[in-house]
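Below is one structure, written out as C-alpha cells, with a few remarks after it.
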Amino acid sequence: MESKVTKKPSATLTVNNRQIELPVYGGSVGPDVVDIRKLYSETGVFTYDPGFTSTASCESQITYIDGDEGVLLYRGYPIDQLAEHSSFLEVCYLLLHGELPNETQLKAFDKAITYHTMLHAQFDRFFEGYRRDAHPMAVMVGTVGALAAFYHDSTDIDDSRQRTIASHRMIAKMPTIAARAYKYSIGQPFVSPRNNLDYASNFLRMCFAVPAEDYVINPVLARAMDVFFILHADHEQNASTSTVRLAGSSGANPFACIASGIACLWGPAHGGANEAALKMLEEIGTVDHIPEFIRRVKDKDSDVRLMGFGHRVYKNYDPRAKAMQKLCHQVLKEVGAEDNPLLKVAMELEKIALSDEYFIQRKLYPNVDFYSGITLKAMGFPTSMFTVLFAVARTVGWIAQWTEMMEDPSQKIGRPRQVYTGAGPRDFVPLAKR
C-alpha cells in the first residue's frame, strides 16, 4: 500500500528539559496525527494512552468515521447510500479492492464467492465434538481457526494469490459455518449451500430450511439480511479489527487472524450490544413502564443503564441506526408484527431520548444495536446468534484490513509499551527464610 499522508508543520515537544520536533501528518479527511515513532529513542519516554483512544495504530484507506458528525464512509461512499442502493457482495468487492465493481467484475466476484461456500466433508465432524448447548460463538471461534488445517494451500501470507483465495474462502464459508453452528444448537440437520441463490438468501435457507418441506425465500427478509451485512461490514479500527491486525502483524495465517477477531467480537462490550439492547426492551415490557425506567436511568445511585444508545466513537446519531430503523419496520410488517410491543417501547424510548435534555447533553443517540436486535428476532434468530451474524458481516472488513496491513511496508509487529508500577529490583529469598 502506497502511503498517502501529507506532511504538515511539525509539533514541538519539551520533555525532561529537552525540546524535540515531531512530524505531523494529515490524511485525506479527519484529524491530523503527530508521529511519535522516534519519541522513545530521542527522549527515553513513552506515551500513555489506555484504550488507544488518541493513538492511530496504522494508515488505512478503507473506512472513515467522523463521530461528531455521524459520518461513516466505506472507501469514501456514505453508508446510507450503500445500504439503499448496493448489495453485500458489491460492498465486499469495494472494501477489498477500493472501487465499486463494474458488471463483469461483480459477476466474476460473485462466482468466486459462490463456488467457495461448500465446506470440506470432514469439516462437519468438528461440530459433533461440541456439546449441543455450546454457545454458537464458541463454535465459531474453534471452527474458523480450524479452517487452516483444511485449506493449507492458502496460508502462505507472502503469496498474493493465496491471500486472495483465503479471502474468498472466508467470505464464502463464514455463512455456511454460522448456519451449521445454529443448526447444531437446535438439533436439526445441516443444509448445504445452493449456487443458484444470492449470498443473503443462501444464508437464510441454510439457517431455516428443513427436510420436511421446501424453503421459500422471502425477498423482504433476504434484503434485510443483506443490508444488515452491509451495515456491519467494517467499522475502522475497533477492538476486533485491531485484534485481527495485531495477530496478523506476527505473521499468523489469515484463518487464525479472523478467528482471533471473532473471539474479540464475542465480548459483550463489542458484538453483544444488540443482545443487551433487546434484553433491556424486554425488561421494560410495555410503554407505560418507560417513565419509571427513565427515572432509574437518571438516578446516579442506580445500576440501570440505557442500552443501544450512545457509542464509543459516535457523538451524534449513528448513521447505521437510520437504515436499521427502516429495516426494522419493513421486517416487522412483513412477518405481521407491526404491533410488536418491543417496537412500541423502542419507538417511545427513542422519542424520549432524542427530546430529553438529560440524554441530549450526554449525546446518547440511538446506535445500530438499538434496532438490530428486534429485527433479527423478528426474522427468527435467537439472541445467541446475534453476534454470530455480526461476525459473518464483519469478516470482509477484517479481511480487507488484514490484507491492507500485509501490503503496508511500514507495518511492524504490534508491541504496545506499559507504565510499570510493580516491585522494584529485589533479591531472591530462600523458602526457609520467608
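How things are named: the first chain in the C-alpha cells is A, the next is B, and so on; residues count from 1 in each chain; ligands count from 1 in the order shown.
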
- Message: Would you pick out the contacts of region 416-426 of chain A at 10 Å or less, using only C-alpha atoms, so that residues sharing its chain but fewer than 5 positions from it are not included, and give the list as a ChimeraX atom specification?
- Response: /A:46-50,52

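When the distance limit is 10 Å and only C-alpha atoms are what count, the residues near region 285-292 of chain A, minus those fewer than 6 positions from it on the same chain, are Lys279, Pro341, Leu342, Leu343, Lys344, Val345, Ala346, Met347, Glu348, Leu349 and Ile352 of chain A.
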
- Skipping near chain neighbours, those fewer than 2 positions away, what residues fall within 10 Å of Ala378 (chain A) using only C-alpha atoms, listed as a ChimeraX atom specification? /A:221,328,331-337,340,372-376,380-382

- DSSP strand (DSSP E or B) residues within region 60-281 of chain A, as a ChimeraX atom specification: /A:63-66,71-74,77-78,210,213

- Using only C-alpha atoms, the best pick from A:Val15, A:Ala181, A:Ala166, A:Val29 as closest to Glu42 (chain A) would be A:Val15

- Query: Suppose you want the space between CA of Ser249 (chain A) and CA of Asp158 (chain A); what is it in Å?
  - Reply: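 According to the coordinates, CA of Ser249 (chain A) and CA of Asp158 (chain A) are separated by 12.6 Å.
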
- Task: Do a neighbour search on region 195-209 of chain A at 12 Å with only C-alpha atoms, toss out local chain neighbours closer than 6 positions, and write the hits as a PyMOL selection string.
- Result: chain A and resi 87-90+92+107+109-118+171-189+215-230+376+379-382+385+389+392-393

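Comparing the minimum interatomic distances between Asn253 (chain A) and each of A:Leu96, A:Ala273, A:Leu119, A:Ala146, counting only C-alpha atoms, we find that A:Ala146 sits nearest.
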
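Proximity to Ile79 (chain A) at 8 Å, evaluated using only C-alpha atoms and with sequence-adjacent residues fewer than 4 positions away removed, yields A:Leu72, A:Leu73, A:Tyr74, A:Ala83, A:Leu231, A:Pro319, A:Arg320.
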
Expected file: the selected residues, N, CA, C and O atoms, as a short mmCIF file (atom, residue, chain, number, x, y, z; two decimals), in the first residue's frame:
```
data_model
loop_
_atom_site.label_atom_id
_atom_site.label_comp_id
_atom_site.auth_asym_id
_atom_site.auth_seq_id
_atom_site.Cartn_x
_atom_site.Cartn_y
_atom_site.Cartn_z
N LEU A 72 -20.12 7.78 8.37
CA LEU A 72 -19.42 6.51 8.15
C LEU A 72 -19.28 6.31 6.65
O LEU A 72 -20.27 6.27 5.92
N LEU A 73 -18.05 6.20 6.19
CA LEU A 73 -17.76 6.03 4.76
C LEU A 73 -17.00 4.73 4.54
O LEU A 73 -16.02 4.45 5.25
N TYR A 74 -17.43 3.94 3.56
CA TYR A 74 -16.65 2.80 3.08
C TYR A 74 -15.96 3.24 1.80
O TYR A 74 -16.63 3.50 0.79
N ALA A 83 -26.30 1.17 1.75
CA ALA A 83 -27.41 0.39 2.30
C ALA A 83 -28.65 0.48 1.43
O ALA A 83 -29.41 -0.47 1.29
N LEU A 231 -24.30 -2.95 6.73
CA LEU A 231 -24.14 -2.00 7.83
C LEU A 231 -23.05 -2.43 8.81
O LEU A 231 -22.48 -1.58 9.51
N PRO A 319 -25.08 6.78 11.95
CA PRO A 319 -25.66 6.77 10.60
C PRO A 319 -26.24 5.41 10.22
O PRO A 319 -27.12 5.32 9.38
N ARG A 320 -25.76 4.33 10.84
CA ARG A 320 -26.28 3.00 10.56
C ARG A 320 -27.65 2.78 11.20
O ARG A 320 -28.44 1.95 10.74
#
```

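Proximity of A:Val304, A:Ile262, A:Ala108, A:Val396 to Met170 (chain A), computed with only C-alpha atoms, is greatest for A:Val396.
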
- Ser240 (chain A): which residues within 7 Å, counting only C-alpha atoms, same-chain residues fewer than 5 positions away excluded, as a list in words? Gly261, Cys264 and Leu265 of chain A

Take the residues from that selection and put them in a file with N, CA, C and O atoms, as a PDB file, in the first residue's frame.
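The resulting result-v8.pdb:
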```pdb
ATOM      1  N   GLY A 261     -10.293 -12.352  15.719  1.00  0.00           N
ATOM      2  CA  GLY A 261     -11.279 -11.269  15.648  1.00  0.00           C
ATOM      3  C   GLY A 261     -12.637 -11.710  16.159  1.00  0.00           C
ATOM      4  O   GLY A 261     -13.328 -10.959  16.855  1.00  0.00           O
ATOM      5  N   CYS A 264     -12.639 -11.789  19.936  1.00  0.00           N
ATOM      6  CA  CYS A 264     -12.767 -10.446  20.496  1.00  0.00           C
ATOM      7  C   CYS A 264     -14.197  -9.923  20.349  1.00  0.00           C
ATOM      8  O   CYS A 264     -14.744  -9.295  21.263  1.00  0.00           O
ATOM      9  N   LEU A 265     -14.803 -10.179  19.206  1.00  0.00           N
ATOM     10  CA  LEU A 265     -16.164  -9.710  18.951  1.00  0.00           C
ATOM     11  C   LEU A 265     -17.163 -10.303  19.934  1.00  0.00           C
ATOM     12  O   LEU A 265     -18.201  -9.713  20.229  1.00  0.00           O
TER      13      LEU A 265
END
```

- Item | Two-atom distance - CA of Lys315 (chain A), CA of Arg362 (chain A) (Å) |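 These two atoms are separated by 8.7 Å.
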
- Message: Considering only C-alpha atoms, can you say which of A:Pro268, A:Leu22, A:Thr12, A:Arg295 comes closest to Tyr40 (chain A)?
- Response: A:Leu22
